[in-house]
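Shown next: upload_25.tsv, containing TSV, C-alpha atoms.
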```
chain	number	residue	atom	x	y	z
A	1	MET	CA	-12.71	37.25	-5.38
A	2	ASP	CA	-12.40	34.61	-2.71
A	3	LEU	CA	-9.56	34.05	-0.28
A	4	ILE	CA	-8.29	30.80	1.20
A	5	LEU	CA	-5.82	30.68	4.05
A	6	ILE	CA	-3.69	27.53	4.19
A	7	ALA	CA	-2.24	27.63	7.70
A	8	GLY	CA	-0.55	25.22	10.06
A	9	PHE	CA	2.51	24.79	12.19
A	10	LEU	CA	6.02	24.94	10.71
A	11	GLY	CA	6.68	21.95	8.50
A	12	SER	CA	3.10	20.71	8.48
A	13	GLY	CA	3.07	20.46	4.67
A	14	LYS	CA	1.48	23.71	3.56
A	15	THR	CA	3.77	24.34	0.58
A	16	THR	CA	3.55	20.77	-0.70
A	17	LEU	CA	-0.24	20.86	-0.38
A	18	ILE	CA	-0.47	24.09	-2.36
A	19	THR	CA	1.85	22.92	-5.13
A	20	ASN	CA	-0.17	19.72	-5.46
A	21	THR	CA	-3.69	21.16	-5.31
A	22	ILE	CA	-3.71	24.53	-7.09
A	23	SER	CA	-3.87	22.93	-10.52
A	24	LYS	CA	-6.70	20.65	-9.34
A	25	ILE	CA	-8.70	23.65	-8.13
A	26	SER	CA	-8.02	25.53	-11.33
A	27	GLU	CA	-8.94	22.59	-13.57
A	28	ARG	CA	-12.11	21.84	-11.64
A	29	THR	CA	-13.44	25.37	-11.25
A	30	GLY	CA	-11.77	27.34	-14.04
A	31	LYS	CA	-10.79	29.92	-11.46
A	32	LYS	CA	-7.80	32.21	-11.95
A	33	ILE	CA	-5.66	31.77	-8.86
A	34	ALA	CA	-2.90	33.86	-7.28
A	35	VAL	CA	-0.74	32.72	-4.37
A	36	ILE	CA	0.74	34.82	-1.56
A	37	VAL	CA	3.50	33.16	0.46
A	38	ASN	CA	4.81	34.49	3.74
A	39	ASP	CA	8.06	32.91	4.89
A	40	PHE	CA	9.45	33.98	8.23
A	41	GLY	CA	13.09	33.95	7.15
A	42	ASN	CA	14.65	36.66	5.02
A	43	ILE	CA	14.81	34.36	2.04
A	44	GLY	CA	11.53	32.97	0.80
A	45	ILE	CA	12.21	29.33	0.03
A	46	ASP	CA	8.59	28.24	-0.30
A	47	GLY	CA	7.89	30.79	-3.02
A	48	LYS	CA	10.88	29.64	-5.04
A	49	VAL	CA	9.67	26.05	-4.87
A	50	MET	CA	6.15	26.99	-5.92
A	51	GLU	CA	7.40	29.04	-8.86
A	52	LYS	CA	9.39	26.05	-10.03
A	53	TYR	CA	6.12	24.15	-10.10
A	54	GLY	CA	4.60	26.80	-12.36
A	55	LEU	CA	2.62	28.90	-9.90
A	56	LYS	CA	2.43	32.69	-9.93
A	57	VAL	CA	3.60	33.67	-6.49
A	58	LYS	CA	3.99	36.88	-4.52
A	59	GLU	CA	6.45	36.42	-1.67
A	60	LEU	CA	6.34	38.31	1.59
A	61	PRO	CA	9.49	37.15	3.35
A	62	SER	CA	11.09	38.42	6.57
A	63	GLY	CA	8.21	38.85	8.93
A	64	CYS	CA	4.75	37.57	9.73
A	65	ILE	CA	1.56	38.74	8.05
A	66	CYS	CA	-0.38	38.21	11.25
A	67	CYS	CA	1.47	41.10	12.92
A	68	THR	CA	4.41	43.10	11.54
A	69	LEU	CA	3.57	42.57	7.88
A	70	GLY	CA	-0.18	43.06	8.29
A	71	PRO	CA	-0.39	46.38	6.37
A	72	ILE	CA	1.91	45.07	3.61
A	73	PHE	CA	-0.27	41.98	3.34
A	74	LEU	CA	-3.37	44.14	2.83
A	75	ASP	CA	-1.56	46.19	0.19
A	76	THR	CA	-0.48	42.99	-1.53
A	77	VAL	CA	-4.02	41.60	-1.65
A	78	ARG	CA	-5.25	44.90	-3.05
A	79	THR	CA	-2.45	45.11	-5.64
A	80	ILE	CA	-3.00	41.55	-6.80
A	81	SER	CA	-6.72	42.16	-7.00
A	82	ASP	CA	-6.25	45.35	-9.06
A	83	ASN	CA	-3.54	44.06	-11.38
A	84	LEU	CA	-4.22	40.36	-11.84
A	85	HIS	CA	-7.97	40.19	-11.18
A	86	PRO	CA	-7.87	36.64	-9.78
A	87	ASP	CA	-11.00	34.75	-8.79
A	88	LEU	CA	-9.17	33.27	-5.84
A	89	ILE	CA	-6.18	34.20	-3.71
A	90	VAL	CA	-4.51	31.40	-1.77
A	91	VAL	CA	-2.44	32.60	1.18
A	92	GLU	CA	0.25	30.55	2.86
A	93	PRO	CA	1.22	32.32	6.08
A	94	SER	CA	4.36	31.39	7.97
A	95	GLY	CA	4.07	28.42	10.27
A	96	ILE	CA	4.12	30.61	13.34
A	97	ALA	CA	1.28	32.85	12.21
A	98	ASP	CA	-1.96	33.20	14.12
A	99	PRO	CA	-4.67	32.77	11.46
A	100	ASP	CA	-7.20	34.53	13.65
A	101	ALA	CA	-4.99	37.64	13.58
A	102	ILE	CA	-4.86	37.42	9.78
A	103	LEU	CA	-8.65	37.29	9.65
A	104	ALA	CA	-8.71	40.35	11.92
A	105	THR	CA	-6.28	42.09	9.56
A	106	MET	CA	-8.56	41.30	6.61
A	107	GLU	CA	-11.33	43.25	8.31
A	108	HIS	CA	-9.32	46.33	7.34
A	109	TYR	CA	-9.22	45.33	3.69
A	110	ARG	CA	-10.65	48.12	1.53
A	111	GLY	CA	-10.39	46.65	-1.96
A	112	PRO	CA	-13.06	45.16	-4.20
A	113	PRO	CA	-15.58	43.11	-2.22
A	114	LEU	CA	-14.50	39.64	-1.15
A	115	GLY	CA	-16.57	36.50	-1.55
A	116	PHE	CA	-15.72	33.87	0.99
A	117	ILE	CA	-12.70	33.62	3.25
A	118	LYS	CA	-11.94	30.03	4.28
A	119	VAL	CA	-9.31	28.81	6.70
A	120	VAL	CA	-7.65	25.43	6.17
A	121	ILE	CA	-5.48	24.18	9.02
A	122	LEU	CA	-2.94	21.41	8.57
A	123	ILE	CA	-2.02	19.17	11.50
A	124	ASP	CA	1.21	17.21	11.17
A	125	THR	CA	0.22	13.67	12.19
A	126	VAL	CA	3.84	12.49	12.35
A	127	ARG	CA	4.84	15.10	14.93
A	128	PHE	CA	1.46	15.29	16.67
A	129	PRO	CA	2.64	13.86	20.02
A	130	ILE	CA	5.53	16.29	20.35
A	131	LEU	CA	3.55	19.24	19.05
A	132	ILE	CA	0.70	18.64	21.45
A	133	GLN	CA	3.23	18.53	24.26
A	134	ALA	CA	5.24	21.59	23.27
A	135	MET	CA	2.73	23.68	21.33
A	136	LYS	CA	-0.69	22.86	22.74
A	137	LYS	CA	-1.97	26.42	23.03
A	138	PRO	CA	-0.69	27.55	19.61
A	139	LEU	CA	-2.30	24.51	18.01
A	140	MET	CA	-5.60	25.31	19.68
A	141	LEU	CA	-5.35	28.91	18.48
A	142	GLN	CA	-4.95	27.68	14.93
A	143	LEU	CA	-7.67	25.05	15.10
A	144	ARG	CA	-10.32	27.27	16.61
A	145	VAL	CA	-10.65	29.26	13.37
A	146	ALA	CA	-10.49	26.30	10.99
A	147	ASP	CA	-13.16	25.71	8.38
A	148	ILE	CA	-11.43	22.53	7.25
A	149	VAL	CA	-8.74	20.55	9.07
A	150	LEU	CA	-6.30	18.39	7.14
A	151	MET	CA	-4.38	15.65	8.94
A	152	SER	CA	-1.21	15.77	6.86
A	153	LYS	CA	1.40	13.07	6.15
A	154	ALA	CA	-1.29	10.45	6.73
A	155	ASP	CA	0.71	7.95	4.67
A	156	GLU	CA	3.50	8.02	7.28
A	157	VAL	CA	1.45	7.07	10.35
A	158	ASP	CA	-0.77	4.17	11.37
A	159	ALA	CA	-4.53	4.11	11.85
A	160	ALA	CA	-4.23	4.50	15.62
A	161	ARG	CA	-2.36	7.79	15.23
A	162	LEU	CA	-4.95	9.08	12.78
A	163	GLU	CA	-7.72	8.21	15.24
A	164	GLU	CA	-5.85	9.92	18.06
A	165	VAL	CA	-5.37	13.11	16.04
A	166	GLU	CA	-8.94	13.14	14.79
A	167	ARG	CA	-10.28	12.68	18.34
A	168	TYR	CA	-8.26	15.67	19.50
A	169	VAL	CA	-9.25	17.83	16.56
A	170	ARG	CA	-12.94	16.89	16.73
A	171	ALA	CA	-13.12	18.06	20.32
A	172	LEU	CA	-12.09	21.52	19.10
A	173	VAL	CA	-13.77	21.87	15.71
A	174	GLY	CA	-16.93	19.81	16.12
A	175	ASP	CA	-18.43	18.60	12.87
A	176	LYS	CA	-16.24	20.60	10.50
A	177	PRO	CA	-14.48	18.49	7.87
A	178	VAL	CA	-11.41	16.68	9.19
A	179	ILE	CA	-9.63	14.91	6.33
A	180	PRO	CA	-6.53	12.69	6.40
A	181	ILE	CA	-4.34	13.54	3.43
A	182	SER	CA	-0.98	12.83	1.90
A	183	SER	CA	0.29	15.42	-0.53
A	184	THR	CA	3.12	13.21	-1.69
A	185	ASN	CA	0.91	10.35	-2.87
A	186	GLU	CA	-2.12	12.61	-3.41
A	187	HIS	CA	-4.31	10.64	-0.99
A	188	ASN	CA	-7.62	12.46	-0.49
A	189	LEU	CA	-6.52	15.64	-2.27
A	190	ASP	CA	-9.57	15.39	-4.52
A	191	VAL	CA	-11.80	15.01	-1.46
A	192	PHE	CA	-10.17	18.09	0.03
A	193	VAL	CA	-10.66	20.15	-3.15
A	194	ASP	CA	-14.33	19.06	-3.32
A	195	ARG	CA	-14.96	20.14	0.26
A	196	LEU	CA	-13.00	23.35	-0.14
A	197	MET	CA	-14.76	24.49	-3.26
A	198	GLY	CA	-18.16	23.32	-2.07
A	199	ALA	CA	-18.68	20.51	-4.59
B	1	MET	CA	2.51	35.08	16.19
B	2	ILE	CA	1.40	32.05	18.08
B	3	THR	CA	4.58	31.30	19.97
B	4	GLU	CA	7.49	32.86	21.81
B	5	ASP	CA	11.22	32.00	22.01
B	6	PHE	CA	11.36	31.41	18.30
B	7	ALA	CA	14.54	32.06	16.32
B	8	ALA	CA	15.33	32.07	12.62
B	9	TYR	CA	18.55	31.94	10.67
B	10	ALA	CA	18.90	32.10	6.90
B	11	ALA	CA	22.15	31.52	5.07
B	12	ARG	CA	23.54	30.91	1.63
B	13	VAL	CA	26.13	28.14	1.56
B	14	ARG	CA	28.27	28.43	-1.58
B	15	VAL	CA	29.96	25.11	-2.24
B	16	ARG	CA	32.59	24.79	-4.97
B	17	PHE	CA	33.74	21.28	-5.77
B	18	ALA	CA	37.22	20.39	-6.94
B	19	ALA	CA	35.73	18.49	-9.87
B	20	PRO	CA	32.31	17.92	-11.43
B	21	THR	CA	30.40	15.94	-8.84
B	22	ALA	CA	27.75	13.33	-9.56
B	23	PRO	CA	24.14	14.39	-8.87
B	24	GLU	CA	23.44	11.48	-6.54
B	25	LYS	CA	26.56	12.33	-4.53
B	26	ILE	CA	25.46	15.94	-4.21
B	27	GLN	CA	21.99	14.77	-3.15
B	28	GLY	CA	23.57	12.57	-0.48
B	29	MET	CA	25.73	15.40	0.82
B	30	LEU	CA	22.76	17.74	0.88
B	31	GLU	CA	20.66	15.27	2.85
B	32	SER	CA	23.55	14.70	5.24
B	33	PHE	CA	23.88	18.47	5.71
B	34	MET	CA	20.18	18.88	6.45
B	35	SER	CA	19.92	15.91	8.76
B	36	GLY	CA	23.15	16.86	10.55
B	37	THR	CA	21.91	20.41	11.08
B	38	ALA	CA	18.73	19.10	12.69
B	39	MET	CA	20.51	16.63	14.95
B	40	ASP	CA	23.14	19.19	15.99
B	41	CYS	CA	20.44	21.74	16.81
B	42	LEU	CA	18.81	19.15	19.06
B	43	GLU	CA	22.15	18.39	20.70
B	44	ALA	CA	22.68	22.14	21.20
B	45	GLY	CA	19.44	22.28	23.17
B	46	THR	CA	16.62	23.23	20.83
B	47	ARG	CA	13.26	22.63	22.45
B	48	LEU	CA	11.53	21.88	19.20
B	49	ILE	CA	12.61	21.76	15.57
B	50	GLY	CA	10.32	24.20	13.85
B	51	HIS	CA	11.39	23.65	10.29
B	52	ILE	CA	14.74	23.39	8.55
B	53	LYS	CA	14.37	23.85	4.82
B	54	SER	CA	16.69	24.42	1.93
B	55	VAL	CA	16.64	25.00	-1.77
B	56	VAL	CA	19.35	24.51	-4.36
B	57	ASP	CA	18.47	26.18	-7.63
B	58	ASN	CA	20.79	25.57	-10.57
B	59	ASN	CA	19.15	26.95	-13.69
B	60	ASP	CA	16.23	24.65	-14.54
B	61	GLN	CA	16.96	22.10	-11.85
B	62	ILE	CA	15.95	22.45	-8.25
B	63	ILE	CA	16.27	20.40	-5.09
B	64	ALA	CA	14.14	21.47	-2.13
B	65	CYS	CA	14.70	19.66	1.16
B	66	SER	CA	12.98	19.82	4.51
B	67	VAL	CA	13.47	18.44	8.01
B	68	THR	CA	10.88	18.64	10.75
B	69	ASP	CA	11.27	15.45	12.74
B	70	HIS	CA	13.50	14.83	15.73
B	71	ASP	CA	14.99	11.80	14.01
B	72	GLY	CA	16.48	14.08	11.35
B	73	LYS	CA	14.52	12.50	8.49
B	74	VAL	CA	15.00	14.52	5.31
B	75	ARG	CA	12.29	14.94	2.69
B	76	CYS	CA	13.42	16.20	-0.72
B	77	GLN	CA	11.72	17.16	-3.94
B	78	GLY	CA	13.54	17.39	-7.26
B	79	HIS	CA	16.99	16.26	-8.33
B	80	PHE	CA	19.93	17.20	-10.52
B	81	GLU	CA	20.52	15.28	-13.70
B	82	ALA	CA	24.04	16.42	-14.54
B	83	PRO	CA	27.25	16.66	-12.52
B	84	GLN	CA	27.78	20.03	-10.84
B	85	THR	CA	30.92	21.95	-9.97
B	86	GLN	CA	29.15	24.42	-7.69
B	87	VAL	CA	25.95	24.54	-5.67
B	88	ASP	CA	24.42	27.40	-3.72
B	89	VAL	CA	22.35	26.05	-0.87
B	90	ILE	CA	19.91	28.49	0.70
B	91	ILE	CA	18.98	27.20	4.11
B	92	ASN	CA	16.38	28.49	6.52
B	93	VAL	CA	16.63	27.23	10.11
B	94	LEU	CA	13.59	27.86	12.29
B	95	GLN	CA	13.93	26.66	15.88
B	96	TYR	CA	12.64	27.09	19.39
B	97	SER	CA	14.87	27.99	22.33
B	98	LEU	CA	18.12	28.15	20.41
B	99	ALA	CA	20.07	31.38	20.01
B	100	LYS	CA	20.99	32.43	16.52
B	101	LYS	CA	24.71	32.18	17.23
B	102	GLU	CA	24.21	28.48	17.98
B	103	MET	CA	22.43	27.97	14.67
B	104	VAL	CA	25.24	29.81	12.88
B	105	ARG	CA	27.76	27.50	14.52
B	106	VAL	CA	25.75	24.39	13.65
B	107	VAL	CA	25.30	25.31	9.99
B	108	ASP	CA	28.99	26.14	9.68
B	109	ALA	CA	30.11	22.86	11.24
B	110	CYS	CA	27.62	20.70	9.35
B	111	SER	CA	28.41	22.21	5.97
B	112	LYS	CA	32.12	21.50	6.43
B	113	ARG	CA	31.37	17.98	7.61
B	114	SER	CA	28.83	17.12	4.91
B	115	PHE	CA	30.22	18.60	1.70
B	116	THR	CA	33.39	16.77	0.69
B	117	GLY	CA	35.71	17.10	-2.27
B	118	THR	CA	35.41	20.87	-2.18
B	119	VAL	CA	37.79	23.71	-2.90
B	120	SER	CA	35.75	26.21	-0.92
B	121	ILE	CA	32.66	26.57	1.24
B	122	ILE	CA	31.53	30.13	1.86
B	123	ILE	CA	28.63	30.88	4.18
B	124	GLU	CA	26.74	34.14	3.86
B	125	ASP	CA	24.36	35.23	6.60
B	126	LEU	CA	21.16	36.35	4.91
B	127	GLU	CA	19.49	37.77	7.98
B	128	ILE	CA	19.38	41.55	8.04
B	129	GLY	CA	19.47	42.12	11.76
B	130	GLU	CA	21.79	40.81	14.40
B	131	LYS	CA	19.04	39.47	16.62
B	132	ASP	CA	20.19	36.51	18.65
B	133	LEU	CA	16.73	35.48	19.69
B	134	ILE	CA	13.46	36.95	18.55
B	135	ARG	CA	11.25	37.34	21.58
B	136	LEU	CA	7.60	38.03	21.04
B	137	GLY	CA	4.36	38.13	22.89
```

Would you write out, as structure tokens, the structure that this file holds?
Amino acid sequence: MDLILIAGFLGSGKTTLITNTISKISERTGKKIAVIVNDFGNIGIDGKVMEKYGLKVKELPSGCICCTLGPIFLDTVRTISDNLHPDLIVVEPSGIADPDAILATMEHYRGPPLGFIKVVILIDTVRFPILIQAMKKPLMLQLRVADIVLMSKADEVDAARLEEVERYVRALVGDKPVIPISSTNEHNLDVFVDRLMGA
Amino acid sequence: MITEDFAAYAARVRVRFAAPTAPEKIQGMLESFMSGTAMDCLEAGTRLIGHIKSVVDNNDQIIACSVTDHDGKVRCQGHFEAPQTQVDVIINVLQYSLAKKEMVRVVDACSKRSFTGTVSIIIEDLEIGEKDLIRLG
């Protein structure tokens, strides 16, 4: 069983990405996929939306799996593994989660052996200037553990903004894949799935 | 957690209309509610809009809306096809440097301003605790 973490700041497009790519991953690889969603608020909105799009979702609302909900997250992964036997678990942490802390939590996982764990980080290209001003350190914390970086909402910005974001990201992640995407018009989602699943 | 001075507020806004209301009118009111909430949070002093998101789930039909930008732009998925007499809007407001009581005030004011032709608007606080501001780190 593999695990993919789809992380990124609040509102960066994680839920929309997942709803628009899970079926592509499933169709391409034949993998059985389960989704864990962690909303910070008491009511899990993201999980409701995903379920409406036909996904099987386990919600962990009211807390953050990178800290307070860490043990519950581990139990959830174990329970899903035991009961559903998925080939792949996709995790959407809350937008304020530290993905590095989630990876540290996974070191305590004692279930069936895991294959790969990959971290995908979304960067909101529309809000990049304000985020880099107000949230520089948190963004760096997220990017430093990325295996793939997605520049989201690429259809809403111009080429100069995309270049600016990519320059910033490249300085932190080196030659790891940095892909401009738009989940709403599906731009580059196939490229993302290919890179993610190693095609 | 990657940040401090973060606050969250979740509420259910139960809107009952005086008469069946056209789907496009409800969509407009919903977008006005979401955009107004964002702009009022900014006016109240939020440092950064984290994410304001909502879902309206009426049987098989769903509208999910989201605001992240400081211009209050609303992005929605889904729509209603038939007129509705009641909608339950679940809203999640995630902000930086804004006390919960301010978010409560903003959601209350914006719901009354945005939803028209109603017989009642009831707001239920869905947060368990009474934390005004969640301080971490």

Which residue gives the smallest distance to Ile26 (chain B) among B:Ala109, B:Val74, B:Val87, B:Leu48, with only C-alpha atoms counted?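 When distances to Ile26 (chain B) are compared using only C-alpha atoms, the smallest one comes from B:Val87.
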
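Summary of the local environment: counting all atoms listed in the file, residues at most 8 Å from Asp2 (chain A), other than itself and those fewer than 5 positions away along its chain, are A:Asp87, A:Leu88, A:Ile89, A:Leu114, A:Gly115, A:Phe116, A:Ile117.
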
Take the selection from the previous step and output its residues with C-alpha atoms, as a PDB file, keeping the file's coordinate frame.
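Printed below is out_4.pdb as written:
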```pdb
ATOM      1  CA  ASP A  87     -11.000  34.750  -8.790  1.00  0.00           C
ATOM      2  CA  LEU A  88      -9.170  33.270  -5.840  1.00  0.00           C
ATOM      3  CA  ILE A  89      -6.180  34.200  -3.710  1.00  0.00           C
ATOM      4  CA  LEU A 114     -14.500  39.640  -1.150  1.00  0.00           C
ATOM      5  CA  GLY A 115     -16.570  36.500  -1.550  1.00  0.00           C
ATOM      6  CA  PHE A 116     -15.720  33.870   0.990  1.00  0.00           C
ATOM      7  CA  ILE A 117     -12.700  33.620   3.250  1.00  0.00           C
TER       8      ILE A 117
END
```

Do a neighbour search on Leu131 (chain A) at 10 Å with all atoms listed in the file, toss out local chain neighbours closer than 6 positions, and write the hits as an MDAnalysis selection string. (chainID A and resid 9 123:125 137:139) or (chainID B and resid 48 50)

Report as a PyMOL selection string the set of chain B residues whose atoms approach chain A to within 9 Å, with distances computed over only C-alpha atoms. chain B and resi 1-3+6+8-11+47-55+57+60-64+66-70+90-94+126-128

Counting only C-alpha atoms, which residues come within 12 Å of (-7.2, 38.5, -9.8), with the point read in the file's coordinates, and could you list them as a list in words?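 In the file's frame, the residues around the point are Met1, Asp2, Leu3, Lys31, Lys32, Ile33, Ala34, Val35, Lys56, Thr76, Val77, Arg78, Thr79, Ile80, Ser81, Asp82, Asn83, Leu84, His85, Pro86, Asp87, Leu88, Ile89, Val90, Gly111, Pro112 and Leu114 of chain A.
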
Work out how far apart CA of Pro23 (chain B) and CA of Ile123 (chain B) are and give it in Å to one decimal.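 Taking CA of Pro23 (chain B) and CA of Ile123 (chain B), their separation equals 21.5 Å.
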
Nearest residue to Arg75 (chain B) out of A:Arg161, A:Lys153, A:Arg28, A:Arg195, using all atoms listed in the file?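 When distances to Arg75 (chain B) are compared using all atoms listed in the file, the smallest one comes from A:Lys153.
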
Could you check how far CA of Ala22 (chain B) sits from CA of Asp125 (chain B), in Å to one decimal?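 Going from CA of Ala22 (chain B) over to CA of Asp125 (chain B) covers 27.4 Å.
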
Enter the distance from CA of Asp40 (chain B) to CA of Lys25 (chain B), in Å, rounded to one decimal. 21.9 Å

If we count all atoms listed in the file and set the cut-off at 9 Å, which residues sit around Ala19 (chain B), ignoring sequence neighbours fewer than 6 positions away in its own chain? Please answer as JSON, numbers by chain. {"B": [84, 85, 117, 118, 119]}

Nearest residue to Met151 (chain A) from the set A:Leu17, A:Ile36, A:Ile102, A:Val91 (distances using all atoms listed in the file):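 Using all atoms listed in the file, Met151 (chain A) sits closest to A:Leu17.
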